[in-house]
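Colleague: First the structure, which I've put down as structure tokens, then a few questions once you've had a look.
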Amino acid sequence: MTTTPLEHTLHDAPEAACTCPPEMHAVYEFPESLGEGYTHYCPGCTHGIAHRILAESIDELGLRERTILVAPVGCSVFAYQYFNFDGCEAAHGRAPAMATGLKRVAPHNIVITYQGDGDLASIGAAEILHAAARGENISVIFVNNAIYGMTGGQMAPTSLEGQRTTSSPFGRDVHLVGYPLHMSELLATLQGSAYIVRRSLHNPANIRKAKKAIQTALKVQMAGAGFSMVELLSSCPTNWGLSPADSLKWIEDKMLPVYPLGDYKVNDVVRALDAEK
Amino acid sequence: MAREMLKGNVAIAEAALRTGLQAYFGYPITPQTELLEHLARRMPELGRVFLQAESEVAAINMVYGAASAGVRTMTSSSGPGISLMQEGMSYIAGSELPVVIVDVMRGGPGLGNILPSQGDYFQVTRSAGHGDFRPLVLAPASVQEAIDFTVLAFDLADKYRHMVILALDGLIGQMMEPAELPPMAELRTERPAYALTGASGRAPRRISSIHMSGPEEEAFNRKLQARIGEIRAAEQRSVAHFADDCEVLVIGYGTAGRIAYSAVAALRERGVPVGLFRPQTLFPFPEVALKQAAAHVRAVLVVEMNAGQMLDDVRLALGGRLPIHFYGRMGGVLPMPDEIEGAIMALFEKEAV
């Protein structure tokens with residue numbers, strides 16, 4: 001088995017390979033919206049999957065040339081470089097405010113924030129709350145892995161009760177530092193939010209559902225229907241101290257009971273959009 | 001255009017939209033709130049963006065976003081709000097984006113009060129955020145100058161891709177006096193080459209303040225400092241009154257400069273050889289003109305509505321060449337003309353000029 005990345009195999013394939021019989025078609029292509037360089041994400045981290053399905057969704061909706069990504073501070077700080085479309089890098093937690101400025105002056109652009117749990121649920125709690133309350137017409141990809149990855153594994157606002165991190169070495173004591181924040185549930189209560197769902201990246205079936213949700217979120221923005229957010233339960237093998245495979249199991253066993261998957265807000269406008277198809 | 005009675009804050013707001021302001025984001029704080037209120041009504045009338053943010057932190061980051069899209073954008077606040085904006089201001093400086101920020105200064109530190117002050121001089125000229133950068137700072141002393149400097153602020157911001165702060169005390173913001181507004185300018189339709197507009201028929205553009213390697217960050221800093229050096233060389237502004245033959249030179253900006261003018265003019269009528277130097281840019285500090293104006297004087301008196309902040313720049317500009325004295329009031333208390341006259345006369349006695 002060769003270790004050549006699949007996209008290289010495809011790109012390097014001789015021209016003759018394309019003259020295939022009509023019943024054959026490409027089943028795997030490198031998304032045009034994804035950048036071609038290497039990322040700095042750790043092995044086994046699901047950021048790569050989140051990037052991939054976001055890029056595929058943008059390609060499939062034909063939005064690449066209109067899209068502007070606002071990256072956060074955290075592991076995905078360089079996300080704005082990893083895609084083949086315009087992007088910028090916000091201050092920690094302020095991506096929804098920066099996205100608001102971008103979207104308000106250029107409503108035809110598709111503006112997406114990509115934020116982790118520390119960025120969105122802790123330091124940027126006010127910015128995400130008010131962007132949702134305003135019904136800001138942006139789409140938010142919220143990657144929740146229950147830990148601060150970039151700074152080396154400290155407790156996050158979404159860390160689980162009892163979870164050991166470098167800043168909660170005896171386990172998260174909810175009597176001392178409070179309870180995990182459930183952002184999807186919280187933002188769903190706001191009148192301004194249009195589409196709020198939680199999905200997970202721990203297996204292919206859930207990844208397919210996550211991609212579908214991202215597409216819906218983008219369609220909500222295309223229709224000018226307001227604030228959309230897709231929360232993605234994600235893994236952090238490095239800072240959880242688990243293998244990539246065990247990390248996916250940890251999402252399933254530990255995170256799902258605390259952060260149930262589901263549609264927390266699908267307002268009437270979004271429902272009508274869905275019905276149109 | 002005819003002269004009309006205008007309040008400083010309103011005049012700045014109206015001048016900004018007439019010079020092509022496309023998006024305003026702000027948060028209420030006294031004594032600048034009328035600026036926000038005026039734009040809340042006018043911007044939607046013109047089909048432009050006005051948004052009251054949830055905080056000054058959010059407001060400056062909305063400005064960051066709008067500037068990334070390449071439009072003329074601004075915010076306004078007062079000291080406590082400017083403190084909250086400093087994080088975003090640093091990112092904007094690190095991304096080389098042109099923005100205009102209005103600081104209508106009030107008494108401090110802390111919540112202080114809502115009275116006129118110049119206590120943010122260090123904040124706007126020295127410490128507008130973390131890292132090495134210095135905004136261009138304009139300090140008007142009248143409503144007319146506030147209007148003229150608003151127009152200038154947008155032009156300079158675009159010219160240098162740099163942050164421009166309009167620093168005025170609450171008195172200029174709250175005062176009404178006759179002034180003339182500029183005509184309504186055409187809105188800029190094309191977006192600059194750095195603007196994020198969607199990568200249609202071109203390579204993706206990126207705006208960030210990150211340079212991971214030391215040498216890259218240093219190279220960026222050198223570029224930024226070169227631009228600041230250019231600004232320092234080309235944009236020093238000041239006015240002088242009775243300076244040609246004076247023996248004592250009074251130095252003051254904004255309202256303090258204006259009150260000092262009353263004192264200096266009154267003493268001149270009585271034959272006292274005193275002059276006034278009024279900086280219009282706080283950064284770059286007008287050191288070249290000050291050196292010339294002070295070349296033949298025996299002593300200078302710095303007048304500020306703070307504990308002596310521009311005083312440092314005067315010391316740097318004039319070295320130890322002549323006695324430098326200070327008269328200041330703080331906490332929103334204005335220096336009265338007779339107090340300044342007294343300080344000037346005391347100086348004539350003390351320095352035996």
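Letters A, B, ... go to the chains of the structure tokens in the order shown; residues in each chain start at 1; ligands are counted from 1 in the same order.
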Please provide the set of residues having any atom within 7 Å of Tyr80 of chain A, restricted to only C-alpha atoms, with same-chain residues fewer than 6 positions apart removed, written as number ranges by chain.
Modeller: A: 69-71, 87-89
Colleague: Could you turn the residues from that selection into a file that holds N, CA and C atoms, as a PDB file, in the first residue's frame?
Modeller:
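Okay, selection-v3.pdb is ready:
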ATOM      1  N   LEU A  69     -13.869  33.841   5.480  1.00  0.00           N
ATOM      2  CA  LEU A  69     -13.805  33.105   6.739  1.00  0.00           C
ATOM      3  C   LEU A  69     -13.152  33.973   7.807  1.00  0.00           C
ATOM      4  N   VAL A  70     -13.758  34.021   8.978  1.00  0.00           N
ATOM      5  CA  VAL A  70     -13.144  34.715  10.115  1.00  0.00           C
ATOM      6  C   VAL A  70     -12.637  33.648  11.078  1.00  0.00           C
ATOM      7  N   ALA A  71     -11.319  33.576  11.224  1.00  0.00           N
ATOM      8  CA  ALA A  71     -10.703  32.563  12.084  1.00  0.00           C
ATOM      9  C   ALA A  71     -10.599  33.097  13.514  1.00  0.00           C
ATOM     10  N   GLY A  87      -9.984  35.363   3.768  1.00  0.00           N
ATOM     11  CA  GLY A  87     -10.103  35.095   5.195  1.00  0.00           C
ATOM     12  C   GLY A  87      -9.358  36.100   6.039  1.00  0.00           C
ATOM     13  N   CYS A  88      -9.708  36.126   7.310  1.00  0.00           N
ATOM     14  CA  CYS A  88      -9.019  37.016   8.239  1.00  0.00           C
ATOM     15  C   CYS A  88      -8.982  36.352   9.605  1.00  0.00           C
ATOM     16  N   GLU A  89      -8.242  36.976  10.490  1.00  0.00           N
ATOM     17  CA  GLU A  89      -7.980  36.378  11.796  1.00  0.00           C
ATOM     18  C   GLU A  89      -8.390  37.383  12.869  1.00  0.00           C
TER      19      GLU A  89
END
Colleague: Can you pull out the residues contacting segment 93-97 of chain A? Cut-off 6 Å, using only C-alpha atoms, and skip same-chain residues under 3 positions away; I want them as a list in words.
Modeller: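 Neighbouring residues, sequence-local ones excluded: Val70, Ala90, Thr100, Asp119, Leu120, Ile123, Gly124, Glu127 and Ile128 of chain A; Ala58, Asn61 and Met62 of chain B.
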Colleague: For the residues selected in the previous step, produce a file with C-alpha atoms as a PDB file, in the first residue's frame.
Modeller:
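Printed below is part31.pdb as written:
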ATOM      1  CA  VAL A  70     -13.144  34.715  10.115  1.00  0.00           C
ATOM      2  CA  ALA A  90      -9.945  37.945  14.673  1.00  0.00           C
ATOM      3  CA  THR A 100     -20.711  41.500  11.766  1.00  0.00           C
ATOM      4  CA  ASP A 119     -13.004  31.380  21.905  1.00  0.00           C
ATOM      5  CA  LEU A 120     -16.777  31.155  21.524  1.00  0.00           C
ATOM      6  CA  ILE A 123     -13.830  34.976  26.184  1.00  0.00           C
ATOM      7  CA  GLY A 124     -16.241  35.572  23.304  1.00  0.00           C
ATOM      8  CA  GLU A 127     -19.980  38.592  21.136  1.00  0.00           C
ATOM      9  CA  ILE A 128     -21.624  35.291  20.121  1.00  0.00           C
TER      10      ILE A 128
ATOM     11  CA  ALA B  58     -17.431  44.502  20.030  1.00  0.00           C
ATOM     12  CA  ASN B  61     -13.971  44.568  16.233  1.00  0.00           C
ATOM     13  CA  MET B  62     -16.928  45.432  13.996  1.00  0.00           C
TER      14      MET B  62
END
Colleague: Got a sec to tell me which of segment 136-252 of chain B DSSP assigns to helix (DSSP H, G or I), as a ChimeraX atom specification?
Modeller: /B:143-160,170-174,214-234
Colleague: May I have the selected residues written with C-alpha atoms, as an mmCIF file, in the first residue's frame?
Modeller:
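Just written: again-v3.cif:
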data_model
loop_
_atom_site.group_PDB
_atom_site.id
_atom_site.type_symbol
_atom_site.label_atom_id
_atom_site.label_comp_id
_atom_site.auth_asym_id
_atom_site.auth_seq_id
_atom_site.Cartn_x
_atom_site.Cartn_y
_atom_site.Cartn_z
ATOM 1 C CA VAL B 143 -15.922 72.963 16.348
ATOM 2 C CA GLN B 144 -14.650 74.150 12.955
ATOM 3 C CA GLU B 145 -11.323 72.436 13.523
ATOM 4 C CA ALA B 146 -13.158 69.290 14.669
ATOM 5 C CA ILE B 147 -14.952 69.265 11.298
ATOM 6 C CA ASP B 148 -11.795 69.955 9.289
ATOM 7 C CA PHE B 149 -9.803 67.338 11.195
ATOM 8 C CA THR B 150 -12.544 64.737 10.698
ATOM 9 C CA VAL B 151 -12.190 65.125 6.927
ATOM 10 C CA LEU B 152 -8.399 65.123 7.266
ATOM 11 C CA ALA B 153 -8.514 62.037 9.522
ATOM 12 C CA PHE B 154 -10.157 59.889 6.835
ATOM 13 C CA ASP B 155 -7.779 61.129 4.152
ATOM 14 C CA LEU B 156 -4.694 60.488 6.288
ATOM 15 C CA ALA B 157 -5.980 57.072 7.378
ATOM 16 C CA ASP B 158 -6.407 56.034 3.742
ATOM 17 C CA LYS B 159 -3.162 57.642 2.615
ATOM 18 C CA TYR B 160 -1.035 55.769 5.154
ATOM 19 C CA GLY B 170 -15.509 66.898 26.351
ATOM 20 C CA LEU B 171 -15.781 70.652 26.008
ATOM 21 C CA ILE B 172 -15.176 70.620 22.247
ATOM 22 C CA GLY B 173 -17.600 67.709 21.971
ATOM 23 C CA GLN B 174 -20.363 69.424 23.932
ATOM 24 C CA GLY B 214 10.806 36.365 14.915
ATOM 25 C CA PRO B 215 12.474 37.660 11.749
ATOM 26 C CA GLU B 216 9.115 37.952 9.963
ATOM 27 C CA GLU B 217 7.553 39.817 12.877
ATOM 28 C CA GLU B 218 10.600 42.056 13.054
ATOM 29 C CA ALA B 219 10.408 42.754 9.314
ATOM 30 C CA PHE B 220 6.744 43.699 9.723
ATOM 31 C CA ASN B 221 7.623 45.948 12.648
ATOM 32 C CA ARG B 222 10.316 47.653 10.580
ATOM 33 C CA LYS B 223 7.767 48.287 7.840
ATOM 34 C CA LEU B 224 5.313 49.721 10.372
ATOM 35 C CA GLN B 225 7.984 51.887 11.959
ATOM 36 C CA ALA B 226 9.067 53.146 8.531
ATOM 37 C CA ARG B 227 5.483 54.283 7.920
ATOM 38 C CA ILE B 228 5.326 55.907 11.351
ATOM 39 C CA GLY B 229 8.599 57.636 10.506
ATOM 40 C CA GLU B 230 7.081 58.891 7.266
ATOM 41 C CA ILE B 231 4.106 60.241 9.226
ATOM 42 C CA ARG B 232 6.444 61.846 11.747
ATOM 43 C CA ALA B 233 8.286 63.629 8.937
ATOM 44 C CA ALA B 234 5.279 64.776 6.906
#
Colleague: Pick out each residue of segment 210-320 of chain B that DSSP on the backbone tags as strand (DSSP E); I need them as a PyMOL selection string.
Modeller: chain B and resi 238-241+248-251+274-279+281-283+299-304
Colleague: Please determine the contact residues of chain B with respect to chain A at a cut-off of 10 Å, counting only C-alpha atoms, and supply them as a CSV table (one decimal) with C-alpha atoms, in the first residue's frame.
Modeller:
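Output file out.csv is given in full below:
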chain,number,residue,atom,x,y,z
B,22,GLN,CA,-19.8,54.0,5.1
B,23,ALA,CA,-20.1,52.2,8.5
B,24,TYR,CA,-20.2,53.3,12.1
B,25,PHE,CA,-20.2,51.0,15.1
B,48,ARG,CA,-25.3,53.2,5.2
B,49,VAL,CA,-24.4,51.1,8.1
B,50,PHE,CA,-25.1,52.2,11.7
B,51,LEU,CA,-24.9,49.6,14.5
B,53,ALA,CA,-22.7,47.3,19.5
B,54,GLU,CA,-23.0,45.4,22.8
B,55,SER,CA,-19.7,46.9,24.1
B,57,VAL,CA,-14.9,45.6,22.6
B,58,ALA,CA,-17.4,44.5,20.0
B,59,ALA,CA,-17.6,47.9,18.4
B,60,ILE,CA,-13.9,48.1,17.6
B,61,ASN,CA,-14.0,44.6,16.2
B,62,MET,CA,-16.9,45.4,14.0
B,63,VAL,CA,-14.8,48.4,12.8
B,64,TYR,CA,-12.0,45.9,12.2
B,65,GLY,CA,-14.3,43.8,10.1
B,66,ALA,CA,-15.7,46.7,8.1
B,67,ALA,CA,-12.1,48.0,7.5
B,68,SER,CA,-11.1,44.5,6.3
B,69,ALA,CA,-13.9,44.8,3.7
B,70,GLY,CA,-12.2,48.1,2.5
B,71,VAL,CA,-14.8,50.7,3.5
B,73,THR,CA,-15.4,53.2,8.9
B,87,GLU,CA,-7.2,45.2,22.2
B,88,GLY,CA,-8.9,45.7,18.8
B,90,SER,CA,-3.7,46.8,18.3
B,91,TYR,CA,-5.1,44.1,15.9
B,92,ILE,CA,-6.1,46.8,13.5
B,95,SER,CA,-3.3,44.4,10.1
B,195,ALA,CA,-10.0,44.4,0.8
B,196,LEU,CA,-11.7,41.1,1.5
B,197,THR,CA,-14.4,40.9,-1.2
B,198,GLY,CA,-14.5,37.2,-2.0
B,199,ALA,CA,-11.8,35.5,-4.2
B,200,SER,CA,-13.7,35.9,-7.4
B,201,GLY,CA,-11.3,35.7,-10.4
B,202,ARG,CA,-8.3,36.2,-8.1
B,203,ALA,CA,-6.1,34.5,-5.5
B,204,PRO,CA,-7.5,34.6,-1.9
B,205,ARG,CA,-6.7,37.6,0.2
B,206,ARG,CA,-5.9,37.3,3.9
B,207,ILE,CA,-5.9,39.9,6.7
B,208,SER,CA,-4.2,39.1,9.9
B,209,SER,CA,-1.8,40.4,12.5
B,210,ILE,CA,0.2,37.2,12.8
Colleague: Env of Gly331 of chain B: 12 Å cut, atoms = only C-alpha atoms, seq-sep filter 4 positions within chain, self excluded. Answer as number ranges by chain.
Modeller: B: 105-120, 169-170, 304-307, 335
Colleague: As an exercise, work out the distance from atom CA of Ile214 of chain A to atom CA of Pro257 of chain A in Å and give it to one decimal place.
Modeller: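 Straight-line distance from atom CA of Ile214 of chain A to atom CA of Pro257 of chain A works out to 22.5 Å.
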Colleague: Can you pull out every residue within 12 Å of Val124 of chain B, counting only C-alpha atoms, but drop anything in the same chain fewer than 5 positions away, and send it as a VMD selection string?
Modeller: chain B and resid 78 to 79 82 to 83 85 to 86 89 to 90 101 to 105 118 to 119 129 133 to 139 163 to 168 281 to 284 309 to 310
Colleague: Give me the residues within 12 Å of Ile49 of chain A as a PyMOL selection string, counting only C-alpha atoms and dropping any in the same chain fewer than 2 places off.
Modeller: chain A and resi 34+39+41+43-47+51-56+143+200-204+206-208+210-211+232-235
Colleague: Could you work out how far atom CA of Gly26 of chain B lies from atom CA of Ser76 of chain B, giving the answer in Å with one decimal?
Modeller: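 Separating atom CA of Ser76 of chain B from atom CA of Gly26 of chain B is a distance of 6.1 Å.
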Colleague: I'd like the interatomic distance between atom CA of Val230 of chain A and atom CA of Lys265 of chain A, to a tenth of an Å.
Modeller: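 Taking atom CA of Val230 of chain A as the start and atom CA of Lys265 of chain A as the end point, the length is 10.6 Å.
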Colleague: Using only C-alpha atoms, find the one residue out of B:Leu290, B:Val300, B:Glu180, B:Arg258 that sits nearest to Phe348 of chain B.
Modeller: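 Closest to Phe348 of chain B, using only C-alpha atoms: B:Val300.
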Colleague: Env of segment 32-45 of chain B: 6 Å cut, atoms = only C-alpha atoms, seq-sep filter 2 positions within chain, self excluded. Answer as a ChimeraX atom specification.
Modeller: /B:9-10,13,28-30,47-48,50,104
Colleague: Please save N, CA and C atoms of the selected residues as a PDB file, in the first residue's frame.
Modeller:
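Produced file result.pdb, reproduced below:
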ATOM      1  N   ASN B   9     -19.810  67.271  18.847  1.00  0.00           N
ATOM      2  CA  ASN B   9     -20.042  65.844  18.567  1.00  0.00           C
ATOM      3  C   ASN B   9     -20.872  65.649  17.305  1.00  0.00           C
ATOM      4  N   VAL B  10     -21.899  66.477  17.154  1.00  0.00           N
ATOM      5  CA  VAL B  10     -22.773  66.372  15.987  1.00  0.00           C
ATOM      6  C   VAL B  10     -22.008  66.775  14.726  1.00  0.00           C
ATOM      7  N   ALA B  13     -19.819  63.972  13.554  1.00  0.00           N
ATOM      8  CA  ALA B  13     -20.638  62.912  12.948  1.00  0.00           C
ATOM      9  C   ALA B  13     -21.053  63.299  11.533  1.00  0.00           C
ATOM     10  N   PRO B  28     -22.789  53.760  23.592  1.00  0.00           N
ATOM     11  CA  PRO B  28     -23.011  55.047  24.253  1.00  0.00           C
ATOM     12  C   PRO B  28     -22.047  55.280  25.422  1.00  0.00           C
ATOM     13  N   ILE B  29     -21.477  56.456  25.477  1.00  0.00           N
ATOM     14  CA  ILE B  29     -20.724  56.896  26.654  1.00  0.00           C
ATOM     15  C   ILE B  29     -20.644  58.421  26.603  1.00  0.00           C
ATOM     16  N   THR B  30     -20.919  59.047  27.724  1.00  0.00           N
ATOM     17  CA  THR B  30     -20.797  60.493  27.844  1.00  0.00           C
ATOM     18  C   THR B  30     -19.310  60.846  27.950  1.00  0.00           C
ATOM     19  N   GLY B  47     -28.783  55.046   3.645  1.00  0.00           N
ATOM     20  CA  GLY B  47     -28.588  53.643   3.250  1.00  0.00           C
ATOM     21  C   GLY B  47     -27.229  53.101   3.652  1.00  0.00           C
ATOM     22  N   ARG B  48     -26.654  53.690   4.692  1.00  0.00           N
ATOM     23  CA  ARG B  48     -25.341  53.216   5.159  1.00  0.00           C
ATOM     24  C   ARG B  48     -25.495  52.483   6.493  1.00  0.00           C
ATOM     25  N   PHE B  50     -25.216  51.739  10.347  1.00  0.00           N
ATOM     26  CA  PHE B  50     -25.059  52.169  11.732  1.00  0.00           C
ATOM     27  C   PHE B  50     -25.424  50.991  12.603  1.00  0.00           C
ATOM     28  N   VAL B 104     -13.498  61.416  22.891  1.00  0.00           N
ATOM     29  CA  VAL B 104     -13.933  62.652  23.535  1.00  0.00           C
ATOM     30  C   VAL B 104     -13.602  62.494  25.024  1.00  0.00           C
TER      31      VAL B 104
END
Colleague: For segment 151-165 of chain A, list every protein, DNA or RNA residue within 9 Å, evaluated using only C-alpha atoms, and leave out those in the same chain fewer than 5 positions away; present the list as a short mmCIF file (atom, residue, chain, number, x, y, z; two decimals) with C-alpha atoms, in the first residue's frame.
Modeller:
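Listing of out33.cif after writing:
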data_model
loop_
_atom_site.label_atom_id
_atom_site.label_comp_id
_atom_site.auth_asym_id
_atom_site.auth_seq_id
_atom_site.Cartn_x
_atom_site.Cartn_y
_atom_site.Cartn_z
CA GLY A 74 -6.99 28.84 19.38
CA CYS A 75 -5.90 25.73 17.48
CA ASP A 117 -14.95 26.40 22.71
CA GLY A 118 -12.61 28.75 24.59
CA ALA A 121 -18.05 30.08 24.94
CA SER A 122 -15.60 31.81 27.29
CA ASN A 144 -16.31 21.90 20.82
CA ASN A 145 -13.60 19.58 22.10
CA ALA A 146 -14.01 20.42 25.78
CA PHE A 170 -7.96 17.06 40.18
CA GLY A 171 -10.87 17.08 37.74
CA ARG A 172 -13.36 19.87 37.05
CA ASP A 173 -15.00 20.61 40.39
CA VAL A 174 -18.30 22.23 39.49
CA GLY A 178 -19.02 26.04 37.77
CA TYR A 179 -20.75 23.90 35.20
CA PRO A 180 -20.12 23.25 31.50
CA LEU A 181 -21.79 25.74 29.16
CA HIS A 182 -24.27 24.38 26.65
CA MET A 183 -24.00 26.97 23.92
CA CYS A 236 -8.30 16.37 20.95
CA THR A 238 -3.02 15.23 22.21
CA ASN A 239 -4.50 17.06 25.17
CA TRP A 240 -6.96 14.37 26.21
CA LYS A 254 -18.42 10.90 27.54
CA MET A 255 -19.45 13.90 25.48
CA VAL A 258 -23.58 15.76 28.28
#
Colleague: Find the residue from B:Ile251, B:Ala352, B:Met330, B:Met175 that sits nearest to Val314 of chain B; use only C-alpha atoms when measuring.
Modeller: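 Looking at the shortest contact to Val314 of chain B, the residue is B:Ile251.
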